[in-house]
Amino acid sequence: MKGQRVKESKSHKVTKSKSLKVKKSKSRKLTDPLDLSDLSDPSDQKENGATIQVTDDGKFNNIINGKPDWVYEEEFAFNRAFDFSIDGQYLAWIKFDETKVPIASFSVYPDSIYSYKYPKAGDTNSTVSVWTYDIQNGVTKKMSIPMDADGYIPRIFFTKDKRKLAVCTLNRHQNIFRIYIVNPEDGIAKQIFEETDKCYLEEDIYSRLTFYDNNTFVLWSERSGYKHLYLYDIEGRLLRQITHGNYDVSQYYGMDSHGTVYYASHEQSPLNQNVYKITKKNRKTCLTPQSGWHTAKFSSDFKTFTDVFSDINTPNITSLYDNKGHRLRVIDTNDSVRIANAENGIVELFSFTTSENVVLNGWMLKPQDFNPEYRYPVIMYQYSGPGSQEVQNSWGNGFYPGLQFERKMVKKGVIFVCVDGRGTGCRGAEWKKCTYLNMGDKESRDQVETALWLSRQSYVDKDRIAIWGWSFGGFNTLLAMSDPRHVFRCGVAVAPVTDWRFYDSVYTERFMRTPQENPDGYDISPLHRCNTLHGNLLLVHGLADDNVHFTNTAEYQKQLVQMGYPFESQYYTNKNHSILGTETRKHLFNRIERFFTEHLIEITPKLSTLTSNL
């Protein structure tokens, strides 16, 4: 589960244990790509030369070399746990010993069982270590990395110096980050950097770490309270803070030969993203000042870039710019998309203040023939996970970009609303991390506050408000429907977490620590609050979900059955967390549409008084 939208999460196949094999060409060039092959592969020769087996200890569900285990791939967001030195002499890799990691299993119908290593919150993780192989001399060494026995190694990078391997480490709480420079010849490590946080450190700090030829590196940090860029030398000395201010930097595009840095940020507004450049002398230029959402891709010399721009009502417009911010030409305007959606609803950005004096941002999609004298039913969509953002001044809003599903539903005479509550991104560290150790509490209250605010609007039928979400959004849907204020007539929870004790160690402990340390925080869950659930409910899950296990929904529905609480369910055989497949996705959204049509839209307004299902 990511800080971004989990709805399109990739399918995670279990990582089989691998040996490392490197292809050494007859011409003695050592820059050929790494060949990852199964141990069972008997091939000793390739067309361009011999294949040298570097490791021989790989074993399924025990040892993995050079490729992350399941939880590393999912939550540290990488699939390559090896790197070559710049001249190809050294190969470095992370070894994952998952021998003690618990096994998870699910049925693959009609007649097989799929098992893999999946550490839940508080469980034993893989033990990790770093190794190098000298391709010229055939010598393998273990690097001496001073780290906790239960710590993480989320990245390794060779710098521009072949004798300087950067190894990133995290403690299990993920609030202490260190960078070590290791000599692959002798394995000796020197710590050059340390960052701590009272809550947790996000993956940007290691996933976006960038090294340069002049023995410097650019690093992200939230130490000021906002996400900014910092320049260090290879000894770990701070050279300068590149960006400053009460806003988050969102993209780092790079640095040119003059030391000018190119990036994107939310300086204009948390809902807007603009592209900037800043010189060594802190002269800053906004290259794309138009209000909206800009994403850039720069040429290798940073002299030109393509800008993809959109706003809440404008589909993507792609243009070519120079690095002074002058538009050279428009490449594509997406006129056909704009015309096709011209009569499919009116989208507005809005904000309001809750009873807890919290200002929340949202978007609202109204029918094209909206009549302020009529009272409309409302469907609320949200994800709400830490650091996520569903409300932007961009065309990318909605479950599918461009509000495709929402526009279809609006034609039925419903208003669609999405609000980002506390804990979401682009508003600084304090806003994002205020949910630490208590995930679901503030997030669900903010969705209830949204429904209460909507109910006071003259054009909303207060008795016909619904909510839905996927993954973390499903978790938050169930919690919001369990709020004792009973503001939702119905809701849909797709692949929901119902108790964080069922979810993986890395993600859950980043925000909650372990169940042993924080039992009260873990009890803020749908499973522990289902006795106050109110409204019609549709539960959806893929039976082969290797991410949010079906256990979550199974245990939750078991509680509802014991309570005598009626609900609807829809399960998909052999489908994972994304519930993918052309016909499957079509079936799923048709099912959601029918549910909302029956339990919300077609309810006679004058009779639409919420009553208990019990």
# chains A, B, ... in the order shown; residues from 1 in each chain; ligands from 1
$ residues_around --residues "Phe350 of chain A" --least-positions-apart "4" --cutoff "10 Å" --atoms "only C-alpha atoms" --output "VMD selection string"
chain A and resid 360 to 364 391 419
$ write_last_selection --atoms "all heavy atoms" --output "short mmCIF file (atom, residue, chain, number, x, y, z; two decimals), in the first residue's frame"
data_model
loop_
_atom_site.label_atom_id
_atom_site.label_comp_id
_atom_site.auth_asym_id
_atom_site.auth_seq_id
_atom_site.Cartn_x
_atom_site.Cartn_y
_atom_site.Cartn_z
N LEU A 360 -10.47 22.14 5.12
CA LEU A 360 -10.31 21.02 4.21
C LEU A 360 -10.58 21.47 2.79
O LEU A 360 -11.43 22.32 2.54
CB LEU A 360 -11.26 19.88 4.58
CG LEU A 360 -11.13 19.30 6.00
CD1 LEU A 360 -12.17 18.20 6.21
CD2 LEU A 360 -9.73 18.77 6.25
N ASN A 361 -9.84 20.87 1.85
CA ASN A 361 -10.01 21.15 0.42
C ASN A 361 -10.73 20.01 -0.27
O ASN A 361 -10.53 18.84 0.07
CB ASN A 361 -8.64 21.36 -0.25
CG ASN A 361 -7.89 22.55 0.31
OD1 ASN A 361 -8.48 23.60 0.58
ND2 ASN A 361 -6.59 22.39 0.51
N GLY A 362 -11.54 20.37 -1.28
CA GLY A 362 -12.26 19.33 -2.01
C GLY A 362 -12.59 19.73 -3.43
O GLY A 362 -12.39 20.88 -3.84
N TRP A 363 -13.06 18.76 -4.20
CA TRP A 363 -13.66 19.04 -5.51
C TRP A 363 -15.08 18.50 -5.52
O TRP A 363 -15.41 17.56 -4.80
CB TRP A 363 -12.84 18.51 -6.69
CG TRP A 363 -12.49 17.05 -6.72
CD1 TRP A 363 -11.27 16.49 -6.46
CD2 TRP A 363 -13.36 15.93 -7.06
NE1 TRP A 363 -11.31 15.12 -6.60
CE2 TRP A 363 -12.58 14.76 -6.97
CE3 TRP A 363 -14.70 15.83 -7.41
CZ2 TRP A 363 -13.11 13.49 -7.23
CZ3 TRP A 363 -15.23 14.57 -7.68
CH2 TRP A 363 -14.44 13.42 -7.59
N MET A 364 -15.91 19.14 -6.33
CA MET A 364 -17.32 18.76 -6.42
C MET A 364 -17.71 18.71 -7.89
O MET A 364 -17.45 19.65 -8.64
CB MET A 364 -18.20 19.77 -5.67
CG MET A 364 -19.68 19.45 -5.70
SD MET A 364 -20.70 20.69 -4.84
CE MET A 364 -20.08 20.55 -3.15
N VAL A 391 -7.26 15.59 -4.19
CA VAL A 391 -7.85 16.88 -4.59
C VAL A 391 -6.74 17.75 -5.17
O VAL A 391 -5.86 18.22 -4.44
CB VAL A 391 -8.53 17.58 -3.40
CG1 VAL A 391 -9.13 18.91 -3.85
CG2 VAL A 391 -9.60 16.68 -2.80
N VAL A 419 -12.90 14.97 -0.73
CA VAL A 419 -12.23 15.88 0.20
C VAL A 419 -11.02 15.17 0.79
O VAL A 419 -11.11 14.01 1.21
CB VAL A 419 -13.19 16.33 1.32
CG1 VAL A 419 -12.43 16.99 2.46
CG2 VAL A 419 -14.23 17.29 0.76
#
$ residues_around --residues "Phe472 of chain A" --least-positions-apart "2" --cutoff "8 Å" --atoms "only C-alpha atoms" --output "list in words"
Met1, Val6, Tyr383, Ser384, Gly385, Gly469, Trp470, Gly474, Phe475, Asn476, Pro496 and Val497 of chain A
$ residues_around --residues "Trp453 of chain A" --least-positions-apart "3" --cutoff "9 Å" --atoms "only C-alpha atoms" --output "PyMOL selection string"
chain A and resi 352-354+448-450+456-457
$ atom_distance --atom1 "atom CA of Leu170 of chain A" --atom2 "atom CA of Val71 of chain A"
14.5 Å
$ select_by_dssp --residues "segment 354-393 of chain A" --states "strand (DSSP E or B)" --output "PyMOL selection string"
chain A and resi 359-366+376-381
$ atom_distance --atom1 "atom CA of Lys120 of chain A" --atom2 "atom CA of Phe502 of chain A"
6.0 Å
$ select_by_dssp --residues "segment 235-474 of chain A" --states "helix (DSSP H, G or I)" --output "PyMOL selection string"
chain A and resi 335-340+404-410+429-433+441-455+472-474
$ closest_residue --among "A:Trp93, A:Glu390, A:Thr597, A:Arg464" --to "Phe158 of chain A" --atoms "only C-alpha atoms"
A:Trp93
$ residues_around --residues "segment 100-112 of chain A" --least-positions-apart "3" --cutoff "8 Å" --atoms "only C-alpha atoms" --output "MDAnalysis selection string"
chainID A and resid 97 115:119 123:126 543:544 573:574
$ write_last_selection --atoms "N, CA and C atoms" --output "CSV table (one decimal), in the first residue's frame"
chain,number,residue,atom,x,y,z
A,97,ASP,N,17.6,-12.6,3.7
A,97,ASP,CA,17.4,-13.9,4.4
A,97,ASP,C,16.0,-13.8,5.0
A,115,SER,N,1.7,-19.8,-1.8
A,115,SER,CA,2.3,-19.4,-0.5
A,115,SER,C,3.6,-18.5,-0.7
A,116,TYR,N,3.7,-17.6,0.1
A,116,TYR,CA,4.9,-16.7,0.0
A,116,TYR,C,5.2,-16.0,1.4
A,117,LYS,N,6.3,-15.4,1.5
A,117,LYS,CA,6.7,-14.8,2.8
A,117,LYS,C,6.1,-13.4,2.9
A,118,TYR,N,5.3,-13.1,4.0
A,118,TYR,CA,4.6,-11.9,4.2
A,118,TYR,C,4.7,-11.5,5.6
A,119,PRO,N,5.5,-10.6,6.0
A,119,PRO,CA,5.6,-10.2,7.5
A,119,PRO,C,4.5,-9.2,7.8
A,123,ASP,N,5.8,-8.7,13.1
A,123,ASP,CA,6.4,-10.0,12.7
A,123,ASP,C,7.9,-9.8,12.4
A,124,THR,N,8.6,-10.9,12.3
A,124,THR,CA,10.0,-10.9,11.9
A,124,THR,C,10.1,-10.6,10.4
A,125,ASN,N,11.0,-9.6,10.1
A,125,ASN,CA,11.3,-9.3,8.7
A,125,ASN,C,12.5,-10.1,8.2
A,126,SER,N,12.8,-9.9,6.9
A,126,SER,CA,14.0,-10.5,6.4
A,126,SER,C,15.3,-9.8,7.0
A,543,LEU,N,-10.1,-12.5,-4.1
A,543,LEU,CA,-9.7,-13.6,-3.2
A,543,LEU,C,-8.2,-13.9,-3.3
A,544,ALA,N,-7.5,-13.4,-4.3
A,544,ALA,CA,-6.1,-13.6,-4.4
A,544,ALA,C,-5.3,-12.4,-4.1
A,573,THR,N,-12.8,-14.2,-7.8
A,573,THR,CA,-11.9,-15.3,-7.8
A,573,THR,C,-10.6,-15.0,-8.5
A,574,ASN,N,-9.4,-15.4,-7.9
A,574,ASN,CA,-8.1,-15.3,-8.4
A,574,ASN,C,-7.7,-13.9,-8.8
$ atom_distance --atom1 "atom CA of Asp233 of chain A" --atom2 "atom CA of Tyr206 of chain A"
16.0 Å
$ residues_around --residues "Ile415 of chain A" --least-positions-apart "3" --cutoff "9 Å" --atoms "only C-alpha atoms" --output "count of residues only"
13
$ closest_residue --among "A:Pro386, A:Gly402, A:Gly292, A:Gly138" --to "Asn344 of chain A" --atoms "only C-alpha atoms"
A:Gly402
$ decode --residues "segment 400-427 of chain A" --atoms "N, CA, C and O atoms" --output "PDB file, in the first residue's frame"
ATOM      1  N   TYR A 400     -10.592   7.224 -12.022  1.00  0.00           N
ATOM      2  CA  TYR A 400      -9.914   7.250 -13.307  1.00  0.00           C
ATOM      3  C   TYR A 400      -9.730   8.716 -13.685  1.00  0.00           C
ATOM      4  O   TYR A 400     -10.679   9.498 -13.557  1.00  0.00           O
ATOM      5  N   PRO A 401      -8.528   9.112 -14.136  1.00  0.00           N
ATOM      6  CA  PRO A 401      -8.283  10.525 -14.453  1.00  0.00           C
ATOM      7  C   PRO A 401      -9.358  11.102 -15.368  1.00  0.00           C
ATOM      8  O   PRO A 401      -9.818  10.456 -16.306  1.00  0.00           O
ATOM      9  N   GLY A 402      -9.715  12.350 -15.075  1.00  0.00           N
ATOM     10  CA  GLY A 402     -10.774  12.999 -15.840  1.00  0.00           C
ATOM     11  C   GLY A 402     -12.148  12.715 -15.295  1.00  0.00           C
ATOM     12  O   GLY A 402     -13.156  13.041 -15.921  1.00  0.00           O
ATOM     13  N   LEU A 403     -12.204  12.093 -14.083  1.00  0.00           N
ATOM     14  CA  LEU A 403     -13.489  11.808 -13.427  1.00  0.00           C
ATOM     15  C   LEU A 403     -14.403  10.968 -14.310  1.00  0.00           C
ATOM     16  O   LEU A 403     -15.618  11.208 -14.394  1.00  0.00           O
ATOM     17  N   GLN A 404     -13.843   9.954 -14.954  1.00  0.00           N
ATOM     18  CA  GLN A 404     -14.627   9.158 -15.905  1.00  0.00           C
ATOM     19  C   GLN A 404     -15.793   8.431 -15.234  1.00  0.00           C
ATOM     20  O   GLN A 404     -16.932   8.498 -15.716  1.00  0.00           O
ATOM     21  N   PHE A 405     -15.510   7.717 -14.146  1.00  0.00           N
ATOM     22  CA  PHE A 405     -16.587   7.010 -13.447  1.00  0.00           C
ATOM     23  C   PHE A 405     -17.567   8.001 -12.829  1.00  0.00           C
ATOM     24  O   PHE A 405     -18.791   7.828 -12.899  1.00  0.00           O
ATOM     25  N   GLU A 406     -17.016   9.053 -12.229  1.00  0.00           N
ATOM     26  CA  GLU A 406     -17.859  10.040 -11.569  1.00  0.00           C
ATOM     27  C   GLU A 406     -18.785  10.742 -12.557  1.00  0.00           C
ATOM     28  O   GLU A 406     -19.959  10.993 -12.247  1.00  0.00           O
ATOM     29  N   ARG A 407     -18.287  11.063 -13.754  1.00  0.00           N
ATOM     30  CA  ARG A 407     -19.128  11.730 -14.761  1.00  0.00           C
ATOM     31  C   ARG A 407     -20.279  10.817 -15.214  1.00  0.00           C
ATOM     32  O   ARG A 407     -21.390  11.292 -15.478  1.00  0.00           O
ATOM     33  N   LYS A 408     -20.005   9.522 -15.277  1.00  0.00           N
ATOM     34  CA  LYS A 408     -21.066   8.589 -15.631  1.00  0.00           C
ATOM     35  C   LYS A 408     -22.159   8.588 -14.567  1.00  0.00           C
ATOM     36  O   LYS A 408     -23.363   8.598 -14.876  1.00  0.00           O
ATOM     37  N   MET A 409     -21.763   8.594 -13.309  1.00  0.00           N
ATOM     38  CA  MET A 409     -22.739   8.567 -12.223  1.00  0.00           C
ATOM     39  C   MET A 409     -23.517   9.873 -12.124  1.00  0.00           C
ATOM     40  O   MET A 409     -24.712   9.877 -11.790  1.00  0.00           O
ATOM     41  N   VAL A 410     -22.852  10.988 -12.402  1.00  0.00           N
ATOM     42  CA  VAL A 410     -23.504  12.292 -12.304  1.00  0.00           C
ATOM     43  C   VAL A 410     -24.681  12.397 -13.275  1.00  0.00           C
ATOM     44  O   VAL A 410     -25.664  13.103 -13.015  1.00  0.00           O
ATOM     45  N   LYS A 411     -24.584  11.681 -14.405  1.00  0.00           N
ATOM     46  CA  LYS A 411     -25.694  11.688 -15.363  1.00  0.00           C
ATOM     47  C   LYS A 411     -26.966  11.096 -14.763  1.00  0.00           C
ATOM     48  O   LYS A 411     -28.057  11.299 -15.286  1.00  0.00           O
ATOM     49  N   LYS A 412     -26.812  10.351 -13.663  1.00  0.00           N
ATOM     50  CA  LYS A 412     -27.973   9.761 -12.995  1.00  0.00           C
ATOM     51  C   LYS A 412     -28.616  10.733 -12.009  1.00  0.00           C
ATOM     52  O   LYS A 412     -29.569  10.395 -11.322  1.00  0.00           O
ATOM     53  N   GLY A 413     -28.049  11.946 -11.922  1.00  0.00           N
ATOM     54  CA  GLY A 413     -28.640  12.936 -11.033  1.00  0.00           C
ATOM     55  C   GLY A 413     -28.062  12.923  -9.639  1.00  0.00           C
ATOM     56  O   GLY A 413     -28.781  13.106  -8.648  1.00  0.00           O
ATOM     57  N   VAL A 414     -26.745  12.709  -9.536  1.00  0.00           N
ATOM     58  CA  VAL A 414     -26.082  12.686  -8.247  1.00  0.00           C
ATOM     59  C   VAL A 414     -24.930  13.684  -8.275  1.00  0.00           C
ATOM     60  O   VAL A 414     -24.381  14.000  -9.337  1.00  0.00           O
ATOM     61  N   ILE A 415     -24.549  14.209  -7.134  1.00  0.00           N
ATOM     62  CA  ILE A 415     -23.351  15.044  -7.001  1.00  0.00           C
ATOM     63  C   ILE A 415     -22.231  14.169  -6.468  1.00  0.00           C
ATOM     64  O   ILE A 415     -22.443  13.369  -5.556  1.00  0.00           O
ATOM     65  N   PHE A 416     -21.037  14.314  -7.037  1.00  0.00           N
ATOM     66  CA  PHE A 416     -19.862  13.570  -6.571  1.00  0.00           C
ATOM     67  C   PHE A 416     -18.921  14.538  -5.873  1.00  0.00           C
ATOM     68  O   PHE A 416     -18.646  15.634  -6.388  1.00  0.00           O
ATOM     69  N   VAL A 417     -18.386  14.120  -4.715  1.00  0.00           N
ATOM     70  CA  VAL A 417     -17.521  14.983  -3.908  1.00  0.00           C
ATOM     71  C   VAL A 417     -16.309  14.196  -3.437  1.00  0.00           C
ATOM     72  O   VAL A 417     -16.411  13.000  -3.118  1.00  0.00           O
ATOM     73  N   CYS A 418     -15.163  14.863  -3.390  1.00  0.00           N
ATOM     74  CA  CYS A 418     -13.955  14.274  -2.807  1.00  0.00           C
ATOM     75  C   CYS A 418     -13.274  15.327  -1.947  1.00  0.00           C
ATOM     76  O   CYS A 418     -13.099  16.476  -2.378  1.00  0.00           O
ATOM     77  N   VAL A 419     -12.901  14.966  -0.735  1.00  0.00           N
ATOM     78  CA  VAL A 419     -12.226  15.875   0.196  1.00  0.00           C
ATOM     79  C   VAL A 419     -11.017  15.168   0.789  1.00  0.00           C
ATOM     80  O   VAL A 419     -11.107  14.010   1.213  1.00  0.00           O
ATOM     81  N   ASP A 420      -9.872  15.865   0.785  1.00  0.00           N
ATOM     82  CA  ASP A 420      -8.659  15.359   1.438  1.00  0.00           C
ATOM     83  C   ASP A 420      -8.663  15.804   2.896  1.00  0.00           C
ATOM     84  O   ASP A 420      -8.664  17.010   3.193  1.00  0.00           O
ATOM     85  N   GLY A 421      -8.658  14.848   3.795  1.00  0.00           N
ATOM     86  CA  GLY A 421      -8.650  15.156   5.222  1.00  0.00           C
ATOM     87  C   GLY A 421      -7.248  15.261   5.770  1.00  0.00           C
ATOM     88  O   GLY A 421      -6.251  15.251   5.047  1.00  0.00           O
ATOM     89  N   ARG A 422      -7.172  15.346   7.069  1.00  0.00           N
ATOM     90  CA  ARG A 422      -5.873  15.404   7.736  1.00  0.00           C
ATOM     91  C   ARG A 422      -5.086  14.123   7.475  1.00  0.00           C
ATOM     92  O   ARG A 422      -5.654  13.046   7.369  1.00  0.00           O
ATOM     93  N   GLY A 423      -3.780  14.277   7.368  1.00  0.00           N
ATOM     94  CA  GLY A 423      -2.908  13.142   7.089  1.00  0.00           C
ATOM     95  C   GLY A 423      -2.538  13.015   5.627  1.00  0.00           C
ATOM     96  O   GLY A 423      -1.646  12.250   5.290  1.00  0.00           O
ATOM     97  N   THR A 424      -3.230  13.763   4.755  1.00  0.00           N
ATOM     98  CA  THR A 424      -2.908  13.708   3.333  1.00  0.00           C
ATOM     99  C   THR A 424      -1.718  14.621   3.033  1.00  0.00           C
ATOM    100  O   THR A 424      -1.160  15.263   3.926  1.00  0.00           O
ATOM    101  N   GLY A 425      -1.318  14.700   1.760  1.00  0.00           N
ATOM    102  CA  GLY A 425      -0.060  15.338   1.420  1.00  0.00           C
ATOM    103  C   GLY A 425      -0.148  16.778   0.956  1.00  0.00           C
ATOM    104  O   GLY A 425      -1.230  17.368   0.848  1.00  0.00           O
ATOM    105  N   CYS A 426       1.026  17.340   0.674  1.00  0.00           N
ATOM    106  CA  CYS A 426       1.217  18.650   0.026  1.00  0.00           C
ATOM    107  C   CYS A 426       0.862  19.830   0.910  1.00  0.00           C
ATOM    108  O   CYS A 426       0.734  20.957   0.412  1.00  0.00           O
ATOM    109  N   ARG A 427       0.734  19.623   2.217  1.00  0.00           N
ATOM    110  CA  ARG A 427       0.436  20.722   3.139  1.00  0.00           C
ATOM    111  C   ARG A 427       1.404  20.737   4.314  1.00  0.00           C
ATOM    112  O   ARG A 427       1.093  21.257   5.382  1.00  0.00           O
TER     113      ARG A 427
END
